[in-house]
Amino acid sequence: FRLHDCLMSALAMMFFQDPSLLAFQRRMQDRMQCSNLKTQFGVTAIPQDSQLRETLDNVPTEALHPAFADFLQRLQRGRQLAAYQLLGGKYLLCLDGSQYFSSEKIHCPGCLIRKGARGRLRYSHQILQAVIVNPHLRQVLPLAPEPVAGSDGKGKQDCELAAAKRALGRIRGAHPKLPIIVVADGLYSNQPFVDELKDKRMSFILVAKPADHTVLFQWVDELSALGDGGRLQLADDKGRRHLYRWVNGVPLNGGKDADQLNFFEYRLQTAEGKQTYHNSWVTDIWVEQANVVELVQAGRARWKIENETFNTLKNQGYHIEHNFGHGRCHLSMNFFVLNLLAFYIHQILELCDAPY
């Protein structure tokens with residue numbers, strides 16, 4: 001079987017959201033559906049499940065990554081990507097990690113290993129995902145995932161932050177001129193990661209919590225009391241109050257070489273004064289009354305990688321946590337990437353094709 005036929009058959013299985021390889025093979029026994037697969041995906045011969053798994057297991061996952069960049073470039077040439085621009089023509093890139101496989105029995109050399117409370121070993125696969133989002137658009141545009149690998153070659157297991165740093169380098173290499181604002185949770189609001197973002201010429205909006213940034217919030221509170229920064233209060237048609245506060249030029253931490261960043265905070269209150277949402281962020285973008293509302297919308301858009309991406313993949317027919325095949329080398333990750341590509345194609349069709 002041609003490698004093309006194996007890869008495209010697996011992509012078709014994900015595209016049509018078959019729950020397993022067996023279900024896909026059974027559906028392909030129908031003459032009409034088999035014909036449609038060959039016509040739409042250019043497959044000449046459909047491999048059996050064992051041959052499909054064996055072939056895909058030997059394909060390096062990195063060989064599939066260019067498809068993500070190709071899709072994004074086509075969207076850019078077709079002017080559909082322009083709808084995602086915010087804050088002066090930049091693109092929001094949300095980062096977050098997720099687990100898509102876990103077992104006490106099935107494992108491969110790339111698995112992360114954790115010891116449970118009863119001493120049992122649990123094997124898992126995790127990824128660091130980057131997704132281009134817009135607060136006002138339902139569709140998200142995923143980039144190639146970065147695996148959180150089982151080992152870094154020095155006897156230590158990988159972690160989400162290390163995977164994120166590798167992902168930034170790969171993203172900047174694939175899209176050297178794309179103006180990016182990285183949006184991420186509090187795990188990333190530290191000096192080494194900020195340095196990495198600056199090195200890759202990326203702006204950022206990172207969650208900053210009082211418990212993690214004592215010195216930062218002391219500066220913010222003292223400067224606010226002196227009248228520095230600004231405040232804004234808006235009301236909507238439901239009577240809710242939107243409260244904004246910001247201070248520019250505050251240290252990220254108490255270190256001697258700590259960056260001077262810009263802080264902004266948002267609270268949402270009901271008409272009765274009950275607080276229903278509160279969050280705060282640091283950014284390298286100068287904060288002022290003209291852009292603080294848009295900055296908050298961008299910071300809050302981080303939930304789209306959880307809801308519009310991971311939740312959709314896990315609960316809306318993609319069966320992302322199903323073990324289509326684990327293999328000995330690359331099979332598990334390849335099935336995940338092909339599933340993500342199918343999801344990406346669906347997002348593009350929703351964005352660009354009204355009949356779809």
# chains A, B, ... in the order shown; residues from 1 in each chain; ligands from 1
>>> residues_around(residues="A:Ile305", least_positions_apart="2", cutoff="10 Å", atoms="only C-alpha atoms", output="short mmCIF file (atom, residue, chain, number, x, y, z; two decimals) with N, CA and C atoms, in the first residue's frame")
data_model
loop_
_atom_site.label_atom_id
_atom_site.label_comp_id
_atom_site.auth_asym_id
_atom_site.auth_seq_id
_atom_site.Cartn_x
_atom_site.Cartn_y
_atom_site.Cartn_z
N LEU A 93 -2.62 34.01 19.73
CA LEU A 93 -2.20 32.61 19.72
C LEU A 93 -2.32 32.07 21.13
N CYS A 94 -3.33 31.24 21.39
CA CYS A 94 -3.53 30.65 22.71
C CYS A 94 -2.69 29.40 22.87
N LEU A 95 -2.07 29.26 24.02
CA LEU A 95 -1.25 28.07 24.34
C LEU A 95 -1.85 27.35 25.54
N ASP A 96 -1.87 26.04 25.47
CA ASP A 96 -2.28 25.24 26.62
C ASP A 96 -1.92 23.78 26.39
N GLY A 97 -1.80 23.04 27.47
CA GLY A 97 -1.49 21.63 27.39
C GLY A 97 -2.73 20.78 27.62
N GLN A 129 -0.65 22.58 22.80
CA GLN A 129 -1.37 23.00 21.60
C GLN A 129 -1.37 24.51 21.47
N ALA A 130 -1.16 24.99 20.25
CA ALA A 130 -1.27 26.42 19.94
C ALA A 130 -2.42 26.61 18.95
N VAL A 131 -3.28 27.60 19.22
CA VAL A 131 -4.47 27.82 18.41
C VAL A 131 -4.65 29.32 18.16
N ILE A 132 -4.86 29.70 16.92
CA ILE A 132 -5.18 31.09 16.59
C ILE A 132 -6.68 31.31 16.81
N VAL A 133 -7.03 32.34 17.59
CA VAL A 133 -8.43 32.58 17.92
C VAL A 133 -8.76 34.06 17.73
N VAL A 140 -11.74 28.20 15.38
CA VAL A 140 -10.35 28.33 15.83
C VAL A 140 -9.46 27.65 14.81
N LEU A 141 -8.21 28.10 14.73
CA LEU A 141 -7.26 27.60 13.73
C LEU A 141 -6.06 26.98 14.44
N PRO A 142 -6.02 25.66 14.58
CA PRO A 142 -4.91 25.03 15.31
C PRO A 142 -3.63 24.98 14.50
N ALA A 184 -1.87 33.07 27.39
CA ALA A 184 -1.68 31.83 28.16
C ALA A 184 -2.01 32.06 29.62
N ALA A 301 -10.12 35.43 25.83
CA ALA A 301 -10.25 34.49 24.70
C ALA A 301 -9.48 33.21 24.93
N ARG A 302 -8.66 33.16 25.99
CA ARG A 302 -7.90 31.94 26.29
C ARG A 302 -8.82 30.74 26.50
N TRP A 303 -10.04 30.98 26.98
CA TRP A 303 -10.95 29.86 27.23
C TRP A 303 -11.31 29.13 25.94
N ASN A 307 -12.54 25.34 25.46
CA ASN A 307 -13.90 25.01 25.06
C ASN A 307 -14.02 24.69 23.58
N GLU A 308 -13.53 25.59 22.72
CA GLU A 308 -13.70 25.43 21.29
C GLU A 308 -12.73 24.40 20.68
N THR A 309 -11.67 24.06 21.42
CA THR A 309 -10.68 23.11 20.88
C THR A 309 -10.73 21.79 21.64
N PHE A 310 -10.21 21.75 22.88
CA PHE A 310 -10.11 20.49 23.61
C PHE A 310 -11.48 19.88 23.90
N ASN A 311 -12.43 20.70 24.34
CA ASN A 311 -13.74 20.17 24.66
C ASN A 311 -14.43 19.62 23.41
N THR A 312 -14.28 20.32 22.29
CA THR A 312 -14.87 19.85 21.03
C THR A 312 -14.24 18.54 20.59
#
>>> residues_around(residues="A:Leu3", least_positions_apart="2", cutoff="10 Å", atoms="only C-alpha atoms", output="NGL selection string")
:A and (1 or 5-9 or 52 or 55-56 or 59)
>>> write_last_selection(atoms="C-alpha atoms", output="compact mmCIF listing (two decimals), in the first residue's frame")
# COMPACT_ATOMS: atom_id res chain seq x y z
CA PHE A 1 0.00 0.00 0.00
CA ASP A 5 -3.23 5.82 0.73
CA CYS A 6 -2.50 4.95 4.36
CA LEU A 7 -2.29 8.57 5.48
CA MET A 8 -5.33 9.71 3.51
CA SER A 9 -7.39 6.74 4.68
CA LEU A 52 -2.55 0.84 8.36
CA THR A 55 2.71 1.80 8.20
CA LEU A 56 1.71 4.91 10.18
CA VAL A 59 6.07 7.89 9.87
>>> residues_around(residues="stretch 280-293 of chain A", least_positions_apart="5", cutoff="10 Å", atoms="only C-alpha atoms", output="short mmCIF file (atom, residue, chain, number, x, y, z; two decimals) with all heavy atoms, in the first residue's frame")
data_model
loop_
_atom_site.label_atom_id
_atom_site.label_comp_id
_atom_site.auth_asym_id
_atom_site.auth_seq_id
_atom_site.Cartn_x
_atom_site.Cartn_y
_atom_site.Cartn_z
N LEU A 87 -5.95 44.29 17.87
CA LEU A 87 -4.91 45.11 18.49
C LEU A 87 -3.84 45.55 17.50
O LEU A 87 -2.66 45.27 17.66
CB LEU A 87 -4.28 44.35 19.67
CG LEU A 87 -5.25 44.08 20.84
CD1 LEU A 87 -4.69 42.98 21.74
CD2 LEU A 87 -5.45 45.37 21.65
N ILE A 181 0.42 37.61 19.24
CA ILE A 181 0.27 37.88 20.67
C ILE A 181 -0.05 36.55 21.34
O ILE A 181 -1.10 35.95 21.07
CB ILE A 181 -0.86 38.88 20.96
CG1 ILE A 181 -0.63 40.21 20.24
CG2 ILE A 181 -0.99 39.11 22.46
CD1 ILE A 181 -1.77 41.19 20.38
N VAL A 182 0.84 36.06 22.17
CA VAL A 182 0.62 34.79 22.86
C VAL A 182 -0.26 35.04 24.09
O VAL A 182 0.02 35.92 24.91
CB VAL A 182 1.96 34.16 23.28
CG1 VAL A 182 1.74 32.98 24.22
CG2 VAL A 182 2.73 33.71 22.04
N VAL A 183 -1.32 34.26 24.19
CA VAL A 183 -2.24 34.33 25.33
C VAL A 183 -2.15 33.01 26.09
O VAL A 183 -2.32 31.94 25.48
CB VAL A 183 -3.69 34.58 24.86
CG1 VAL A 183 -4.63 34.68 26.05
CG2 VAL A 183 -3.77 35.85 24.01
N ALA A 184 -1.87 33.07 27.39
CA ALA A 184 -1.68 31.83 28.16
C ALA A 184 -2.01 32.06 29.62
O ALA A 184 -2.15 33.21 30.08
CB ALA A 184 -0.25 31.32 27.99
N ASP A 185 -2.12 30.96 30.38
CA ASP A 185 -2.50 31.06 31.78
C ASP A 185 -1.31 31.38 32.67
O ASP A 185 -0.20 31.65 32.19
CB ASP A 185 -3.21 29.77 32.23
CG ASP A 185 -2.31 28.54 32.13
OD1 ASP A 185 -1.08 28.68 32.18
OD2 ASP A 185 -2.85 27.42 32.00
N GLY A 186 -1.54 31.34 33.98
CA GLY A 186 -0.54 31.78 34.94
C GLY A 186 0.73 30.95 34.97
O GLY A 186 1.75 31.42 35.48
N SER A 189 3.47 33.00 33.13
CA SER A 189 3.84 34.38 33.48
C SER A 189 5.05 34.38 34.41
O SER A 189 4.97 34.74 35.58
CB SER A 189 2.65 35.11 34.11
OG SER A 189 2.16 34.41 35.23
N VAL A 194 8.90 34.82 29.49
CA VAL A 194 8.81 36.16 28.89
C VAL A 194 10.04 36.44 28.04
O VAL A 194 9.94 36.98 26.92
CB VAL A 194 8.64 37.24 29.99
CG1 VAL A 194 8.86 38.64 29.42
CG2 VAL A 194 7.26 37.13 30.62
N LYS A 198 10.15 37.28 23.99
CA LYS A 198 10.85 38.44 23.43
C LYS A 198 11.85 37.99 22.37
O LYS A 198 12.00 38.64 21.33
CB LYS A 198 11.56 39.21 24.54
CG LYS A 198 10.60 39.95 25.47
CD LYS A 198 11.24 40.35 26.78
CE LYS A 198 12.44 41.24 26.59
NZ LYS A 198 13.05 41.62 27.90
N MET A 202 7.53 37.95 19.84
CA MET A 202 6.11 37.75 20.06
C MET A 202 5.65 38.60 21.25
O MET A 202 6.32 38.63 22.28
CB MET A 202 5.80 36.28 20.35
CG MET A 202 6.10 35.33 19.20
SD MET A 202 5.74 33.62 19.65
CE MET A 202 6.23 32.74 18.14
N SER A 203 4.53 39.30 21.08
CA SER A 203 3.90 39.98 22.21
C SER A 203 3.17 38.95 23.06
O SER A 203 3.07 37.78 22.69
CB SER A 203 2.95 41.06 21.71
OG SER A 203 3.67 42.13 21.11
N PHE A 204 2.63 39.39 24.19
CA PHE A 204 2.00 38.41 25.08
C PHE A 204 0.96 39.06 25.98
O PHE A 204 1.01 40.26 26.29
CB PHE A 204 3.05 37.70 25.94
CG PHE A 204 3.95 38.62 26.71
CD1 PHE A 204 3.61 39.08 27.96
CD2 PHE A 204 5.17 39.03 26.15
CE1 PHE A 204 4.44 39.95 28.67
CE2 PHE A 204 6.01 39.89 26.86
CZ PHE A 204 5.64 40.34 28.11
N ILE A 205 -0.01 38.25 26.38
CA ILE A 205 -0.99 38.57 27.42
C ILE A 205 -1.07 37.33 28.30
O ILE A 205 -1.61 36.31 27.89
CB ILE A 205 -2.37 38.92 26.82
CG1 ILE A 205 -2.28 40.15 25.92
CG2 ILE A 205 -3.39 39.14 27.93
CD1 ILE A 205 -3.57 40.44 25.14
N LEU A 206 -0.51 37.42 29.51
CA LEU A 206 -0.38 36.26 30.38
C LEU A 206 -1.12 36.50 31.69
O LEU A 206 -0.99 37.57 32.30
CB LEU A 206 1.10 35.97 30.67
CG LEU A 206 2.02 35.85 29.45
CD1 LEU A 206 3.48 35.71 29.89
CD2 LEU A 206 1.62 34.66 28.59
N VAL A 207 -1.87 35.52 32.13
CA VAL A 207 -2.58 35.62 33.40
C VAL A 207 -1.59 35.82 34.54
O VAL A 207 -0.55 35.15 34.60
CB VAL A 207 -3.44 34.36 33.65
CG1 VAL A 207 -4.01 34.35 35.06
CG2 VAL A 207 -4.56 34.26 32.62
N ALA A 208 -1.90 36.74 35.45
CA ALA A 208 -1.05 36.98 36.63
C ALA A 208 -1.95 36.99 37.86
O ALA A 208 -2.82 37.85 37.98
CB ALA A 208 -0.32 38.31 36.49
N LYS A 209 -1.74 36.03 38.75
CA LYS A 209 -2.55 35.90 39.96
C LYS A 209 -1.81 36.48 41.17
O LYS A 209 -0.58 36.38 41.26
CB LYS A 209 -2.86 34.42 40.22
CG LYS A 209 -3.66 33.73 39.13
CD LYS A 209 -5.10 34.20 39.12
CE LYS A 209 -5.94 33.37 38.16
NZ LYS A 209 -7.34 33.85 38.13
N PRO A 210 -2.55 37.07 42.12
CA PRO A 210 -1.90 37.65 43.31
C PRO A 210 -1.04 36.65 44.08
O PRO A 210 0.03 37.00 44.58
CB PRO A 210 -3.09 38.12 44.16
CG PRO A 210 -4.20 38.34 43.18
CD PRO A 210 -4.00 37.32 42.11
N LEU A 216 4.57 42.09 42.28
CA LEU A 216 3.85 42.77 41.21
C LEU A 216 2.60 43.47 41.75
O LEU A 216 2.36 44.66 41.47
CB LEU A 216 3.46 41.76 40.13
CG LEU A 216 2.48 42.24 39.05
CD1 LEU A 216 3.13 43.27 38.15
CD2 LEU A 216 1.96 41.06 38.24
N GLY A 229 -1.66 54.99 36.46
CA GLY A 229 -2.52 54.04 35.75
C GLY A 229 -3.89 54.64 35.49
O GLY A 229 -4.04 55.86 35.34
N GLY A 230 -4.89 53.78 35.43
CA GLY A 230 -6.22 54.28 35.14
C GLY A 230 -7.30 53.29 35.54
O GLY A 230 -7.03 52.13 35.84
N ARG A 231 -8.51 53.78 35.55
CA ARG A 231 -9.68 52.97 35.83
C ARG A 231 -10.78 53.32 34.84
O ARG A 231 -10.86 54.46 34.37
CB ARG A 231 -10.19 53.19 37.26
CG ARG A 231 -9.23 52.71 38.35
CD ARG A 231 -9.78 53.03 39.73
NE ARG A 231 -8.85 52.62 40.79
CZ ARG A 231 -8.88 51.45 41.39
NH1 ARG A 231 -9.79 50.55 41.03
NH2 ARG A 231 -8.02 51.14 42.35
N LEU A 232 -11.64 52.34 34.56
CA LEU A 232 -12.75 52.55 33.64
C LEU A 232 -13.91 51.69 34.11
O LEU A 232 -13.73 50.53 34.47
CB LEU A 232 -12.35 52.16 32.22
CG LEU A 232 -13.42 52.25 31.13
CD1 LEU A 232 -13.85 53.69 30.90
CD2 LEU A 232 -12.91 51.63 29.83
N LEU A 234 -17.85 50.56 32.85
CA LEU A 234 -18.85 50.58 31.80
C LEU A 234 -20.05 49.73 32.25
O LEU A 234 -19.89 48.80 33.05
CB LEU A 234 -18.28 50.00 30.50
CG LEU A 234 -17.07 50.72 29.90
CD1 LEU A 234 -16.53 49.94 28.72
CD2 LEU A 234 -17.44 52.14 29.47
N HIS A 242 -18.83 46.57 34.20
CA HIS A 242 -17.54 46.09 33.73
C HIS A 242 -16.47 47.03 34.29
O HIS A 242 -16.42 48.21 33.89
CB HIS A 242 -17.49 46.04 32.21
CG HIS A 242 -18.57 45.19 31.61
ND1 HIS A 242 -18.35 43.89 31.21
CD2 HIS A 242 -19.89 45.45 31.35
CE1 HIS A 242 -19.48 43.39 30.72
NE2 HIS A 242 -20.42 44.31 30.80
N LEU A 243 -15.64 46.54 35.19
CA LEU A 243 -14.65 47.37 35.88
C LEU A 243 -13.25 47.03 35.39
O LEU A 243 -12.83 45.87 35.45
CB LEU A 243 -14.75 47.16 37.39
CG LEU A 243 -16.16 47.31 38.00
CD1 LEU A 243 -16.14 46.95 39.48
CD2 LEU A 243 -16.68 48.72 37.80
N TYR A 244 -12.53 48.05 34.94
CA TYR A 244 -11.18 47.87 34.41
C TYR A 244 -10.20 48.70 35.25
O TYR A 244 -10.49 49.83 35.64
CB TYR A 244 -11.10 48.33 32.96
CG TYR A 244 -12.08 47.65 32.03
CD1 TYR A 244 -13.39 48.13 31.89
CD2 TYR A 244 -11.71 46.55 31.27
CE1 TYR A 244 -14.30 47.51 31.05
CE2 TYR A 244 -12.62 45.92 30.41
CZ TYR A 244 -13.91 46.41 30.30
OH TYR A 244 -14.80 45.82 29.45
N ARG A 245 -9.03 48.12 35.48
CA ARG A 245 -7.94 48.85 36.15
C ARG A 245 -6.64 48.48 35.45
O ARG A 245 -6.46 47.33 35.05
CB ARG A 245 -7.87 48.46 37.62
CG ARG A 245 -6.70 49.15 38.37
CD ARG A 245 -6.74 48.88 39.85
NE ARG A 245 -6.41 47.51 40.22
CZ ARG A 245 -5.69 47.18 41.29
NH1 ARG A 245 -5.20 48.10 42.12
NH2 ARG A 245 -5.47 45.90 41.57
N TRP A 246 -5.75 49.46 35.30
CA TRP A 246 -4.46 49.17 34.67
C TRP A 246 -3.36 50.06 35.22
O TRP A 246 -3.60 51.18 35.68
CB TRP A 246 -4.55 49.32 33.15
CG TRP A 246 -4.84 50.72 32.66
CD1 TRP A 246 -3.93 51.67 32.29
CD2 TRP A 246 -6.12 51.31 32.47
NE1 TRP A 246 -4.56 52.82 31.89
CE2 TRP A 246 -5.91 52.62 31.98
CE3 TRP A 246 -7.44 50.87 32.66
CZ2 TRP A 246 -6.97 53.50 31.70
CZ3 TRP A 246 -8.49 51.74 32.37
CH2 TRP A 246 -8.25 53.03 31.89
N VAL A 247 -2.14 49.53 35.20
CA VAL A 247 -0.94 50.27 35.61
C VAL A 247 0.18 49.84 34.68
O VAL A 247 0.42 48.64 34.51
CB VAL A 247 -0.54 49.97 37.07
CG1 VAL A 247 0.74 50.72 37.41
CG2 VAL A 247 -1.66 50.35 38.03
N ASN A 248 0.89 50.77 34.09
CA ASN A 248 2.00 50.47 33.20
C ASN A 248 3.33 50.58 33.93
O ASN A 248 3.47 51.35 34.89
CB ASN A 248 2.00 51.44 32.00
CG ASN A 248 0.82 51.19 31.08
OD1 ASN A 248 0.64 50.10 30.56
ND2 ASN A 248 0.00 52.22 30.88
N GLY A 249 4.31 49.78 33.48
CA GLY A 249 5.67 49.88 34.01
C GLY A 249 5.83 49.35 35.42
O GLY A 249 6.35 50.04 36.30
N VAL A 250 5.39 48.10 35.66
CA VAL A 250 5.56 47.48 36.98
C VAL A 250 6.43 46.22 36.81
O VAL A 250 6.39 45.56 35.78
CB VAL A 250 4.20 47.11 37.61
CG1 VAL A 250 3.47 48.36 38.04
CG2 VAL A 250 3.34 46.31 36.65
N PRO A 251 7.23 45.87 37.83
CA PRO A 251 8.12 44.71 37.71
C PRO A 251 7.35 43.40 37.81
O PRO A 251 6.45 43.26 38.63
CB PRO A 251 9.09 44.87 38.88
CG PRO A 251 8.32 45.67 39.89
CD PRO A 251 7.42 46.58 39.11
N LEU A 252 7.74 42.43 36.99
CA LEU A 252 7.07 41.13 37.01
C LEU A 252 7.30 40.41 38.33
O LEU A 252 6.42 39.70 38.82
CB LEU A 252 7.58 40.27 35.84
CG LEU A 252 6.99 38.86 35.72
CD1 LEU A 252 5.48 38.92 35.52
CD2 LEU A 252 7.64 38.10 34.57
N ASP A 259 11.64 42.17 34.26
CA ASP A 259 11.11 43.04 33.21
C ASP A 259 10.06 44.00 33.78
O ASP A 259 9.30 43.66 34.68
CB ASP A 259 10.45 42.20 32.11
CG ASP A 259 11.45 41.80 31.04
OD1 ASP A 259 12.66 41.89 31.30
OD2 ASP A 259 11.01 41.38 29.95
N GLN A 260 10.02 45.20 33.22
CA GLN A 260 8.95 46.15 33.51
C GLN A 260 7.83 45.88 32.52
O GLN A 260 7.97 46.09 31.32
CB GLN A 260 9.45 47.58 33.37
CG GLN A 260 10.57 47.95 34.34
CD GLN A 260 10.07 48.07 35.77
OE1 GLN A 260 9.12 48.79 36.05
NE2 GLN A 260 10.72 47.39 36.68
N LEU A 261 6.72 45.40 33.03
CA LEU A 261 5.58 45.03 32.18
C LEU A 261 4.38 45.92 32.51
O LEU A 261 4.44 46.77 33.41
CB LEU A 261 5.23 43.56 32.38
CG LEU A 261 6.34 42.56 32.11
CD1 LEU A 261 5.85 41.14 32.37
CD2 LEU A 261 6.85 42.69 30.68
N ASN A 262 3.31 45.69 31.77
CA ASN A 262 2.10 46.47 31.96
C ASN A 262 0.99 45.55 32.47
O ASN A 262 0.83 44.43 31.99
CB ASN A 262 1.69 47.13 30.64
CG ASN A 262 2.83 47.94 30.04
OD1 ASN A 262 3.51 48.67 30.75
ND2 ASN A 262 3.07 47.78 28.76
N PHE A 263 0.27 46.03 33.45
CA PHE A 263 -0.73 45.22 34.17
C PHE A 263 -2.13 45.73 33.88
O PHE A 263 -2.36 46.94 33.79
CB PHE A 263 -0.43 45.33 35.67
CG PHE A 263 -1.51 44.78 36.56
CD1 PHE A 263 -1.47 43.46 37.00
CD2 PHE A 263 -2.57 45.58 36.99
CE1 PHE A 263 -2.45 42.95 37.84
CE2 PHE A 263 -3.55 45.08 37.82
CZ PHE A 263 -3.50 43.76 38.25
N PHE A 264 -3.07 44.81 33.72
CA PHE A 264 -4.48 45.22 33.66
C PHE A 264 -5.36 44.17 34.31
O PHE A 264 -5.00 42.98 34.38
CB PHE A 264 -4.92 45.52 32.22
CG PHE A 264 -4.86 44.37 31.25
CD1 PHE A 264 -6.01 43.63 30.95
CD2 PHE A 264 -3.68 44.04 30.61
CE1 PHE A 264 -5.96 42.59 30.05
CE2 PHE A 264 -3.62 42.99 29.70
CZ PHE A 264 -4.78 42.27 29.43
N GLU A 265 -6.49 44.62 34.82
CA GLU A 265 -7.38 43.78 35.63
C GLU A 265 -8.82 44.05 35.22
O GLU A 265 -9.17 45.16 34.79
CB GLU A 265 -7.17 44.15 37.10
CG GLU A 265 -7.98 43.35 38.09
CD GLU A 265 -7.68 43.81 39.52
OE1 GLU A 265 -7.69 45.05 39.76
OE2 GLU A 265 -7.41 42.96 40.37
N TYR A 266 -9.65 43.03 35.34
CA TYR A 266 -11.05 43.15 34.93
C TYR A 266 -11.95 42.46 35.94
O TYR A 266 -11.65 41.36 36.40
CB TYR A 266 -11.24 42.52 33.55
CG TYR A 266 -12.67 42.37 33.10
CD1 TYR A 266 -13.45 43.47 32.77
CD2 TYR A 266 -13.26 41.10 33.03
CE1 TYR A 266 -14.77 43.33 32.36
CE2 TYR A 266 -14.57 40.95 32.61
CZ TYR A 266 -15.33 42.07 32.27
OH TYR A 266 -16.63 41.91 31.87
N ARG A 267 -13.05 43.12 36.30
CA ARG A 267 -14.08 42.54 37.16
C ARG A 267 -15.44 42.72 36.50
O ARG A 267 -15.71 43.78 35.91
CB ARG A 267 -14.10 43.22 38.53
CG ARG A 267 -12.81 43.08 39.33
CD ARG A 267 -12.88 43.89 40.63
NE ARG A 267 -11.59 43.93 41.29
CZ ARG A 267 -11.19 43.04 42.19
NH1 ARG A 267 -12.00 42.06 42.54
NH2 ARG A 267 -10.01 43.14 42.75
N ALA A 298 -9.16 39.96 24.59
CA ALA A 298 -8.10 39.07 24.13
C ALA A 298 -7.65 38.13 25.24
O ALA A 298 -7.46 36.92 25.03
CB ALA A 298 -6.91 39.89 23.63
N GLY A 299 -7.47 38.66 26.46
CA GLY A 299 -7.07 37.82 27.58
C GLY A 299 -8.10 36.76 27.91
O GLY A 299 -7.76 35.60 28.19
N ARG A 300 -9.37 37.12 27.84
CA ARG A 300 -10.44 36.17 28.14
C ARG A 300 -10.63 35.15 27.01
O ARG A 300 -11.25 34.10 27.23
CB ARG A 300 -11.76 36.91 28.39
CG ARG A 300 -11.76 37.79 29.62
CD ARG A 300 -13.14 38.34 29.92
NE ARG A 300 -14.04 37.27 30.39
CZ ARG A 300 -15.34 37.45 30.63
NH1 ARG A 300 -15.88 38.65 30.44
NH2 ARG A 300 -16.08 36.44 31.06
#
>>> atom_distance(atom1="atom CA of A:Leu72", atom2="atom CA of A:Tyr91")
12.1 Å
>>> select_by_dssp(residues="stretch 226-352 of chain A", states="alpha helix (DSSP H)", output="MDAnalysis selection string")
chainID A and resid 292:300 303:304 312:315 331:352
>>> atom_distance(atom1="atom CA of A:Pro60", atom2="atom CA of A:His330")
6.3 Å
>>> residues_around(residues="stretch 63-71 of chain A", least_positions_apart="2", cutoff="8 Å", atoms="only C-alpha atoms", output="list of chain:residue names")
A:Val59, A:Pro60, A:Thr61, A:Gln73, A:Arg74, A:Leu75, A:Pro142, A:Leu143, A:Ala144, A:Ala174, A:His175, A:Val337, A:Leu341
